[in-house]
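To keep things clear, I will list the structure first and then write my remarks on it.
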Amino acid sequence: MLKAPMALVMAMAVSVCSGSVNAQERVRSLQVGKLTIGQGQPAIIVSTSGEDETKVLQEAEQVAQTPEADILELRVDKLTFATDAAKVTALGQAVRKVLNGKPLLLTFRTKPEGGEKAPDDAHYIELYQRWLEAGFADLIDIEMRIGEADVRGLIARAHQHRVATIVSYHDFNGTPTNEAMLQRLAQQAQYGADVLKLAVMPKTPEDVNRLTSITWQMRQRSDKPLLTMAMGGQGTVTRLSGEIYGSNLTFGSIGSASAPGQIDVKVLHQTMAALHKANAG
């Protein structure tokens with residue numbers, strides 16, 4: 001089961017072996033609860049796909065009981081009551097108890113960035129502010145498309161509540177130019193994000209190569225944890241090989257994948273562990 005992905009990852013690792021060990025040394029680690037992000041093999045995030053409380057709590061229980069899963073992402077936009085701040089708060093508090101200490105990442109992914117709901121920016125910001133006040137999240141994902149002032153405002157509010165922030169950019173239509181990708185990651189760092197996130201859709205293997213190259217280039221410029229990926233089947237290797245290029249988090253699945261290219265957490269963890277061992281040697 002692991003043979004094919006491992007062969008591909010190890011082949012790619014050989015091509016960038018110079019400097020790969022130093023990727024970890026360039027990261028200022030981020031402590032989120034008991035989890036340290038930025039050291040060793042990337043942390044694995046598992047997203048919820050449930051539309052109601054029962055399903056989401058079942059998914060949270062699975063994450064709690066799966067040692068390979070490090071973080072649960074509560075995808076608020078998938079809930080039928082996504083814009084009901086009080087109901088989401090009650091669910092978030094219940095999920096936090098079920099996770100038994102594992103970090104909870106709160107994400108409202110909007111339609112412009114591949115999500116399922118389309119609140120206006122003012123409502124989006126208001127919802128996050130209310131959930132931060134409720135105090136059930138360890139991290140939040142903020143879309144950089146809302147603009148610098150609003151991103152900075154939410155980051156400041158999150159930090160007041162000792163909540164870490166991921167600032168994200170998604171392109172589901174293609175892979176931007178190298179300059180544009182670097183610029184977006186640099187802007188996220190300037191805004192004060194704790195984790196810089198970039199997800200793109202490759203059309204060719206060269207797009208995948210460009211994403212990994214940009215990740216490594218950004219690692220030279222910033223000591224903040226990175227979460228970069230090329231989506232879809234062609235980009236699967238980037239979910240496995242992040243440690244080589246300087247990406248510190250990745251997404252996996254338990255049961256059905258929540259996005260194309262996602263890998264079962266056990267396979268993902270085992271493959272990354274083998275790559276980590278080979279890289280350290």
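Ordering of the structure tokens sets the chain letters (A, B, ...); residue numbers start at 1 within each chain; ligands are numbered from 1 in the order shown.
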Within 9 Å of segment 208-226 of chain A, which residues of segment 88-180 of chain A come that close, and what is the closest atom pair and distance in Å for each? Count only C-alpha atoms and give it as CSV.
```
residue,atom,partner,partner_atom,distance
A:Thr175,CA,A:Leu211,CA,8.0
A:Thr177,CA,A:Arg210,CA,8.7
A:Asn178,CA,A:Ile214,CA,6.6
A:Glu179,CA,A:Ile214,CA,8.8
```
Output file for the residues above (N, CA, C and O atoms, as a PDB file, in the first residue's frame):
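Dumped to result_27.pdb:
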```
ATOM      1  N   THR A 175      -2.137  27.487 -10.973  1.00  0.00           N
ATOM      2  CA  THR A 175      -0.987  27.791 -10.131  1.00  0.00           C
ATOM      3  C   THR A 175      -0.452  29.155 -10.539  1.00  0.00           C
ATOM      4  O   THR A 175       0.002  29.325 -11.677  1.00  0.00           O
ATOM      5  N   THR A 177       1.895  32.623 -10.846  1.00  0.00           N
ATOM      6  CA  THR A 177       3.317  32.761 -11.144  1.00  0.00           C
ATOM      7  C   THR A 177       4.123  32.621  -9.849  1.00  0.00           C
ATOM      8  O   THR A 177       3.610  32.819  -8.750  1.00  0.00           O
ATOM      9  N   ASN A 178       5.378  32.281  -9.995  1.00  0.00           N
ATOM     10  CA  ASN A 178       6.248  32.167  -8.827  1.00  0.00           C
ATOM     11  C   ASN A 178       6.265  33.469  -8.023  1.00  0.00           C
ATOM     12  O   ASN A 178       6.224  33.460  -6.790  1.00  0.00           O
ATOM     13  N   GLU A 179       6.341  34.590  -8.734  1.00  0.00           N
ATOM     14  CA  GLU A 179       6.377  35.881  -8.057  1.00  0.00           C
ATOM     15  C   GLU A 179       5.113  36.123  -7.256  1.00  0.00           C
ATOM     16  O   GLU A 179       5.161  36.614  -6.117  1.00  0.00           O
TER      17      GLU A 179
END
```
Near Ala164 of chain A, counting only C-alpha atoms, which residues have an atom at most 9 Å away, once you skip same-chain residues fewer than 3 positions from it, shown as an NGL selection string? :A and (30-32 or 137-141 or 155 or 158-159 or 161 or 193-195)
With all heavy atoms retained, write the just-selected residues as a compact mmCIF listing (two decimals), in the first residue's frame.
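Dumped everything to again.txt:
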```txt
# COMPACT_ATOMS: atom_id res chain seq x y z
N LEU A 30 5.96 26.69 16.68
CA LEU A 30 4.73 27.26 17.22
C LEU A 30 4.09 26.25 18.15
O LEU A 30 3.79 25.13 17.73
CB LEU A 30 3.78 27.61 16.07
CG LEU A 30 2.39 28.11 16.45
CD1 LEU A 30 2.46 29.47 17.15
CD2 LEU A 30 1.50 28.22 15.20
N GLN A 31 3.88 26.64 19.39
CA GLN A 31 3.26 25.74 20.36
C GLN A 31 1.76 25.99 20.39
O GLN A 31 1.31 27.10 20.65
CB GLN A 31 3.86 25.98 21.76
CG GLN A 31 3.53 24.88 22.76
CD GLN A 31 4.24 23.56 22.44
OE1 GLN A 31 5.35 23.57 21.91
NE2 GLN A 31 3.61 22.45 22.76
N VAL A 32 0.99 24.96 20.10
CA VAL A 32 -0.47 25.04 20.13
C VAL A 32 -0.96 23.93 21.06
O VAL A 32 -0.96 22.76 20.68
CB VAL A 32 -1.09 24.89 18.73
CG1 VAL A 32 -2.61 25.00 18.81
CG2 VAL A 32 -0.53 25.94 17.78
N ALA A 137 -11.61 27.54 20.28
CA ALA A 137 -10.66 27.22 19.21
C ALA A 137 -9.22 27.44 19.67
O ALA A 137 -8.94 28.34 20.48
CB ALA A 137 -10.94 28.07 17.98
N ASP A 138 -8.32 26.63 19.15
CA ASP A 138 -6.88 26.80 19.39
C ASP A 138 -6.22 27.56 18.24
O ASP A 138 -5.22 28.24 18.44
CB ASP A 138 -6.21 25.44 19.54
CG ASP A 138 -6.75 24.66 20.73
OD1 ASP A 138 -6.46 25.05 21.87
OD2 ASP A 138 -7.48 23.68 20.51
N LEU A 139 -6.77 27.38 17.04
CA LEU A 139 -6.31 28.08 15.85
C LEU A 139 -7.52 28.49 15.03
O LEU A 139 -8.58 27.84 15.10
CB LEU A 139 -5.43 27.21 14.95
CG LEU A 139 -4.20 26.51 15.49
CD1 LEU A 139 -4.55 25.08 15.90
CD2 LEU A 139 -3.11 26.46 14.40
N ILE A 140 -7.36 29.56 14.24
CA ILE A 140 -8.39 29.91 13.25
C ILE A 140 -7.71 30.13 11.90
O ILE A 140 -6.54 30.51 11.84
CB ILE A 140 -9.21 31.16 13.63
CG1 ILE A 140 -8.31 32.41 13.75
CG2 ILE A 140 -9.99 30.92 14.91
CD1 ILE A 140 -9.11 33.71 13.88
N ASP A 141 -8.45 29.87 10.84
CA ASP A 141 -7.98 30.09 9.48
C ASP A 141 -8.68 31.33 8.94
O ASP A 141 -9.90 31.41 8.88
CB ASP A 141 -8.32 28.86 8.61
CG ASP A 141 -7.84 29.01 7.17
OD1 ASP A 141 -8.22 29.99 6.50
OD2 ASP A 141 -7.11 28.13 6.70
N ILE A 155 -6.35 38.89 13.36
CA ILE A 155 -5.15 38.32 13.99
C ILE A 155 -4.96 38.93 15.38
O ILE A 155 -4.69 38.21 16.35
CB ILE A 155 -3.91 38.57 13.11
CG1 ILE A 155 -3.97 37.71 11.85
CG2 ILE A 155 -2.63 38.27 13.88
CD1 ILE A 155 -2.87 38.01 10.85
N ALA A 158 -7.51 37.49 17.71
CA ALA A 158 -7.18 36.10 18.04
C ALA A 158 -6.05 36.03 19.06
O ALA A 158 -6.12 35.27 20.03
CB ALA A 158 -6.79 35.35 16.77
N HIS A 159 -5.01 36.84 18.87
CA HIS A 159 -3.89 36.81 19.79
C HIS A 159 -4.27 37.29 21.18
O HIS A 159 -3.71 36.83 22.18
CB HIS A 159 -2.73 37.64 19.22
CG HIS A 159 -2.06 36.98 18.05
ND1 HIS A 159 -1.14 37.61 17.25
CD2 HIS A 159 -2.18 35.71 17.55
CE1 HIS A 159 -0.70 36.78 16.31
NE2 HIS A 159 -1.33 35.63 16.47
N HIS A 161 -6.89 36.50 22.58
CA HIS A 161 -7.50 35.32 23.19
C HIS A 161 -6.56 34.10 23.16
O HIS A 161 -7.00 32.99 23.41
CB HIS A 161 -8.81 34.99 22.47
CG HIS A 161 -9.88 36.02 22.67
ND1 HIS A 161 -10.65 36.06 23.81
CD2 HIS A 161 -10.28 37.06 21.89
CE1 HIS A 161 -11.49 37.08 23.72
NE2 HIS A 161 -11.29 37.70 22.56
N ALA A 193 0.50 36.69 10.55
CA ALA A 193 0.01 35.31 10.67
C ALA A 193 1.04 34.44 11.39
O ALA A 193 2.24 34.63 11.25
CB ALA A 193 -0.27 34.74 9.29
N ASP A 194 0.55 33.48 12.14
CA ASP A 194 1.43 32.52 12.80
C ASP A 194 1.83 31.40 11.84
O ASP A 194 2.92 30.83 11.97
CB ASP A 194 0.74 31.92 14.03
CG ASP A 194 0.41 32.98 15.06
OD1 ASP A 194 1.36 33.63 15.55
OD2 ASP A 194 -0.78 33.17 15.39
N VAL A 195 0.93 31.05 10.92
CA VAL A 195 1.18 30.02 9.90
C VAL A 195 0.80 30.60 8.55
O VAL A 195 -0.28 31.21 8.42
CB VAL A 195 0.37 28.73 10.17
CG1 VAL A 195 0.61 27.70 9.06
CG2 VAL A 195 0.72 28.13 11.53
```
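Between atom CA of Val76 of chain A and atom CA of Leu106 of chain A there is a distance of 7.2 Å.
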Spatial neighbours of Val63 of chain A, max dist 12 Å, only C-alpha atoms, sep filter under 4 positions, as a VMD selection string: chain A and resid 44 to 48 56 to 59 67 to 74 95 to 96 98 to 104 252 to 255 265 to 266
Output file for the residues above (N, CA and C atoms, as a tab-separated table (two decimals), in the first residue's frame):
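Written out: selection29.tsv:
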```
chain	number	residue	atom	x	y	z
A	44	ILE	N	-0.36	16.58	11.06
A	44	ILE	CA	-1.46	16.17	10.18
A	44	ILE	C	-2.79	16.74	10.67
A	45	ILE	N	-3.45	17.45	9.78
A	45	ILE	CA	-4.77	18.01	10.05
A	45	ILE	C	-5.82	17.13	9.39
A	46	VAL	N	-6.90	16.84	10.12
A	46	VAL	CA	-8.05	16.12	9.56
A	46	VAL	C	-9.26	17.04	9.63
A	47	SER	N	-9.94	17.21	8.51
A	47	SER	CA	-11.09	18.12	8.44
A	47	SER	C	-12.41	17.38	8.64
A	48	THR	N	-13.37	18.08	9.25
A	48	THR	CA	-14.71	17.52	9.35
A	48	THR	C	-15.45	17.75	8.03
A	56	VAL	N	-20.42	15.47	13.10
A	56	VAL	CA	-19.18	16.15	13.46
A	56	VAL	C	-18.59	15.58	14.74
A	57	LEU	N	-19.42	15.29	15.72
A	57	LEU	CA	-18.92	14.72	16.97
A	57	LEU	C	-18.36	13.31	16.74
A	58	GLN	N	-18.95	12.56	15.82
A	58	GLN	CA	-18.40	11.25	15.46
A	58	GLN	C	-17.03	11.41	14.83
A	59	GLU	N	-16.89	12.38	13.96
A	59	GLU	CA	-15.60	12.64	13.31
A	59	GLU	C	-14.56	13.09	14.33
A	67	PRO	N	-4.01	8.15	16.76
A	67	PRO	CA	-2.75	8.78	17.17
A	67	PRO	C	-2.08	9.57	16.04
A	68	GLU	N	-2.26	9.13	14.81
A	68	GLU	CA	-1.59	9.79	13.69
A	68	GLU	C	-2.19	11.15	13.36
A	69	ALA	N	-3.42	11.43	13.80
A	69	ALA	CA	-4.07	12.71	13.55
A	69	ALA	C	-3.69	13.70	14.64
A	70	ASP	N	-3.16	14.85	14.26
A	70	ASP	CA	-2.67	15.82	15.24
A	70	ASP	C	-3.66	16.95	15.54
A	71	ILE	N	-4.41	17.37	14.53
A	71	ILE	CA	-5.29	18.53	14.65
A	71	ILE	C	-6.62	18.22	13.98
A	72	LEU	N	-7.72	18.66	14.58
A	72	LEU	CA	-9.02	18.58	13.92
A	72	LEU	C	-9.39	19.95	13.38
A	73	GLU	N	-9.72	19.99	12.10
A	73	GLU	CA	-10.24	21.22	11.51
A	73	GLU	C	-11.76	21.14	11.48
A	74	LEU	N	-12.41	22.02	12.21
A	74	LEU	CA	-13.87	22.11	12.19
A	74	LEU	C	-14.27	23.01	11.03
A	95	VAL	N	-17.05	19.64	20.76
A	95	VAL	CA	-15.95	19.02	20.02
A	95	VAL	C	-14.66	19.13	20.82
A	96	ARG	N	-14.44	20.27	21.42
A	96	ARG	CA	-13.21	20.46	22.21
A	96	ARG	C	-13.10	19.42	23.32
A	98	VAL	N	-14.45	16.41	23.33
A	98	VAL	CA	-14.25	15.10	22.71
A	98	VAL	C	-12.79	14.91	22.29
A	99	LEU	N	-12.14	15.99	21.85
A	99	LEU	CA	-10.77	15.88	21.34
A	99	LEU	C	-9.76	15.55	22.43
A	100	ASN	N	-10.11	15.75	23.66
A	100	ASN	CA	-9.25	15.34	24.78
A	100	ASN	C	-7.84	15.92	24.67
A	101	GLY	N	-7.76	17.21	24.36
A	101	GLY	CA	-6.47	17.89	24.34
A	101	GLY	C	-5.87	18.13	22.98
A	102	LYS	N	-6.35	17.45	21.94
A	102	LYS	CA	-5.84	17.73	20.60
A	102	LYS	C	-6.35	19.10	20.13
A	103	PRO	N	-5.53	19.86	19.41
A	103	PRO	CA	-5.94	21.20	18.99
A	103	PRO	C	-7.13	21.21	18.04
A	104	LEU	N	-7.92	22.26	18.14
A	104	LEU	CA	-9.07	22.47	17.27
A	104	LEU	C	-8.80	23.69	16.40
A	252	GLY	N	-4.71	15.13	5.99
A	252	GLY	CA	-4.99	13.73	5.74
A	252	GLY	C	-6.45	13.44	5.98
A	253	SER	N	-6.84	12.21	5.75
A	253	SER	CA	-8.25	11.85	5.89
A	253	SER	C	-8.41	10.60	6.73
A	254	ILE	N	-9.55	10.51	7.37
A	254	ILE	CA	-9.97	9.29	8.05
A	254	ILE	C	-11.26	8.86	7.37
A	255	GLY	N	-11.24	7.71	6.71
A	255	GLY	CA	-12.40	7.32	5.91
A	255	GLY	C	-12.33	8.04	4.58
A	265	VAL	N	-4.75	9.04	6.96
A	265	VAL	CA	-3.77	9.53	7.93
A	265	VAL	C	-2.72	8.49	8.31
A	266	LYS	N	-3.10	7.25	8.39
A	266	LYS	CA	-2.12	6.22	8.77
A	266	LYS	C	-1.07	6.04	7.68
```
Report as an MDAnalysis selection string: the residues of segment 9-208 of chain A with a DSSP assignment of alpha helix (DSSP H), based on the backbone of this structure. chainID A and resid 9:15 22:25 53:64 85:99 121:134 148:160 178:191 205:208
Output file for the residues above (C-alpha atoms, as a PDB file, in the first residue's frame):
```pdb
ATOM      1  CA  VAL A   9       8.570  10.757  -2.486  1.00  0.00           C
ATOM      2  CA  MET A  10      12.023   9.256  -2.043  1.00  0.00           C
ATOM      3  CA  ALA A  11      12.871   9.951  -5.672  1.00  0.00           C
ATOM      4  CA  MET A  12      11.925  13.598  -5.221  1.00  0.00           C
ATOM      5  CA  ALA A  13      13.861  13.795  -1.947  1.00  0.00           C
ATOM      6  CA  VAL A  14      17.072  12.778  -3.695  1.00  0.00           C
ATOM      7  CA  SER A  15      16.812  15.760  -6.029  1.00  0.00           C
ATOM      8  CA  ASN A  22      18.205  22.535   7.284  1.00  0.00           C
ATOM      9  CA  ALA A  23      14.513  23.128   6.609  1.00  0.00           C
ATOM     10  CA  GLN A  24      13.594  22.357  10.221  1.00  0.00           C
ATOM     11  CA  GLU A  25      16.409  24.474  11.590  1.00  0.00           C
ATOM     12  CA  GLU A  53     -23.763  17.907  15.323  1.00  0.00           C
ATOM     13  CA  THR A  54     -24.001  14.121  15.406  1.00  0.00           C
ATOM     14  CA  LYS A  55     -21.752  13.561  12.395  1.00  0.00           C
ATOM     15  CA  VAL A  56     -19.178  16.152  13.457  1.00  0.00           C
ATOM     16  CA  LEU A  57     -18.923  14.716  16.969  1.00  0.00           C
ATOM     17  CA  GLN A  58     -18.400  11.252  15.463  1.00  0.00           C
ATOM     18  CA  GLU A  59     -15.605  12.635  13.305  1.00  0.00           C
ATOM     19  CA  ALA A  60     -14.053  14.380  16.308  1.00  0.00           C
ATOM     20  CA  GLU A  61     -14.137  11.103  18.248  1.00  0.00           C
ATOM     21  CA  GLN A  62     -12.314   9.382  15.373  1.00  0.00           C
ATOM     22  CA  VAL A  63      -9.605  12.038  15.417  1.00  0.00           C
ATOM     23  CA  ALA A  64      -9.280  11.777  19.189  1.00  0.00           C
ATOM     24  CA  ALA A  85     -22.988  31.697  15.875  1.00  0.00           C
ATOM     25  CA  ALA A  86     -24.581  30.289  19.027  1.00  0.00           C
ATOM     26  CA  LYS A  87     -25.125  26.797  17.598  1.00  0.00           C
ATOM     27  CA  VAL A  88     -21.598  26.667  16.200  1.00  0.00           C
ATOM     28  CA  THR A  89     -20.256  27.773  19.581  1.00  0.00           C
ATOM     29  CA  ALA A  90     -22.131  24.986  21.359  1.00  0.00           C
ATOM     30  CA  LEU A  91     -20.822  22.442  18.863  1.00  0.00           C
ATOM     31  CA  GLY A  92     -17.280  23.788  19.090  1.00  0.00           C
ATOM     32  CA  GLN A  93     -17.310  23.488  22.861  1.00  0.00           C
ATOM     33  CA  ALA A  94     -18.593  19.913  22.623  1.00  0.00           C
ATOM     34  CA  VAL A  95     -15.951  19.024  20.021  1.00  0.00           C
ATOM     35  CA  ARG A  96     -13.209  20.463  22.208  1.00  0.00           C
ATOM     36  CA  LYS A  97     -14.195  18.116  25.037  1.00  0.00           C
ATOM     37  CA  VAL A  98     -14.250  15.098  22.714  1.00  0.00           C
ATOM     38  CA  LEU A  99     -10.769  15.881  21.343  1.00  0.00           C
ATOM     39  CA  ASP A 121     -17.005  39.995   4.728  1.00  0.00           C
ATOM     40  CA  ALA A 122     -18.582  41.929   7.593  1.00  0.00           C
ATOM     41  CA  HIS A 123     -20.598  38.873   8.661  1.00  0.00           C
ATOM     42  CA  TYR A 124     -17.571  36.601   8.222  1.00  0.00           C
ATOM     43  CA  ILE A 125     -15.525  38.818  10.542  1.00  0.00           C
ATOM     44  CA  GLU A 126     -18.351  39.139  13.070  1.00  0.00           C
ATOM     45  CA  LEU A 127     -18.748  35.364  13.279  1.00  0.00           C
ATOM     46  CA  TYR A 128     -15.052  34.842  13.911  1.00  0.00           C
ATOM     47  CA  GLN A 129     -15.060  37.550  16.563  1.00  0.00           C
ATOM     48  CA  ARG A 130     -17.921  35.863  18.409  1.00  0.00           C
ATOM     49  CA  TRP A 131     -16.264  32.447  18.239  1.00  0.00           C
ATOM     50  CA  LEU A 132     -12.987  33.883  19.506  1.00  0.00           C
ATOM     51  CA  GLU A 133     -14.858  35.355  22.462  1.00  0.00           C
ATOM     52  CA  ALA A 134     -16.350  31.917  23.149  1.00  0.00           C
ATOM     53  CA  GLU A 148      -5.000  43.598   4.994  1.00  0.00           C
ATOM     54  CA  ALA A 149      -6.829  45.749   7.552  1.00  0.00           C
ATOM     55  CA  ASP A 150      -9.433  43.098   8.349  1.00  0.00           C
ATOM     56  CA  VAL A 151      -6.871  40.285   8.406  1.00  0.00           C
ATOM     57  CA  ARG A 152      -4.684  42.243  10.804  1.00  0.00           C
ATOM     58  CA  GLY A 153      -7.724  43.028  12.947  1.00  0.00           C
ATOM     59  CA  LEU A 154      -8.734  39.379  13.265  1.00  0.00           C
ATOM     60  CA  ILE A 155      -5.151  38.324  13.986  1.00  0.00           C
ATOM     61  CA  ALA A 156      -4.935  40.889  16.772  1.00  0.00           C
ATOM     62  CA  ARG A 157      -8.250  39.735  18.223  1.00  0.00           C
ATOM     63  CA  ALA A 158      -7.177  36.103  18.035  1.00  0.00           C
ATOM     64  CA  HIS A 159      -3.886  36.813  19.785  1.00  0.00           C
ATOM     65  CA  GLN A 160      -5.740  38.627  22.559  1.00  0.00           C
ATOM     66  CA  ASN A 178       6.248  32.167  -8.827  1.00  0.00           C
ATOM     67  CA  GLU A 179       6.377  35.881  -8.057  1.00  0.00           C
ATOM     68  CA  ALA A 180       2.687  35.973  -7.140  1.00  0.00           C
ATOM     69  CA  MET A 181       2.959  32.940  -4.849  1.00  0.00           C
ATOM     70  CA  LEU A 182       5.965  34.371  -3.031  1.00  0.00           C
ATOM     71  CA  GLN A 183       4.257  37.725  -2.725  1.00  0.00           C
ATOM     72  CA  ARG A 184       1.151  36.227  -1.129  1.00  0.00           C
ATOM     73  CA  LEU A 185       3.161  34.243   1.412  1.00  0.00           C
ATOM     74  CA  ALA A 186       5.270  37.307   2.210  1.00  0.00           C
ATOM     75  CA  GLN A 187       2.120  39.389   2.725  1.00  0.00           C
ATOM     76  CA  GLN A 188       0.715  36.805   5.106  1.00  0.00           C
ATOM     77  CA  ALA A 189       3.906  37.034   7.146  1.00  0.00           C
ATOM     78  CA  GLN A 190       3.756  40.835   7.150  1.00  0.00           C
ATOM     79  CA  TYR A 191       0.147  40.753   8.363  1.00  0.00           C
ATOM     80  CA  PRO A 205       4.036  18.327 -13.057  1.00  0.00           C
ATOM     81  CA  GLU A 206       5.997  21.541 -13.568  1.00  0.00           C
ATOM     82  CA  ASP A 207       3.344  23.398 -11.540  1.00  0.00           C
ATOM     83  CA  VAL A 208       3.960  20.932  -8.706  1.00  0.00           C
TER      84      VAL A 208
END
```
Counting only C-alpha atoms, figure out which residue out of A:Asn248, A:Thr36, A:Ser29, A:Thr236 gets nearest to Gln262 of chain A. A:Thr236
Name the residues of segment 86-207 of chain A that come out as strand (DSSP E) in a backbone DSSP run; write them as number ranges by chain. A: 104-107, 139-143, 164-171, 195-200
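Remark: for Pro119 of chain A, the closest of the candidate residues A:Thr107, A:Thr204, A:Gln65, A:Thr83 is A:Thr83 (distances computed over only C-alpha atoms).
Here the question is which of A:Leu196, A:Ala118, A:Ala274, A:Val27 gets nearest to His170 of chain A using only C-alpha atoms, and that residue is A:Leu196.
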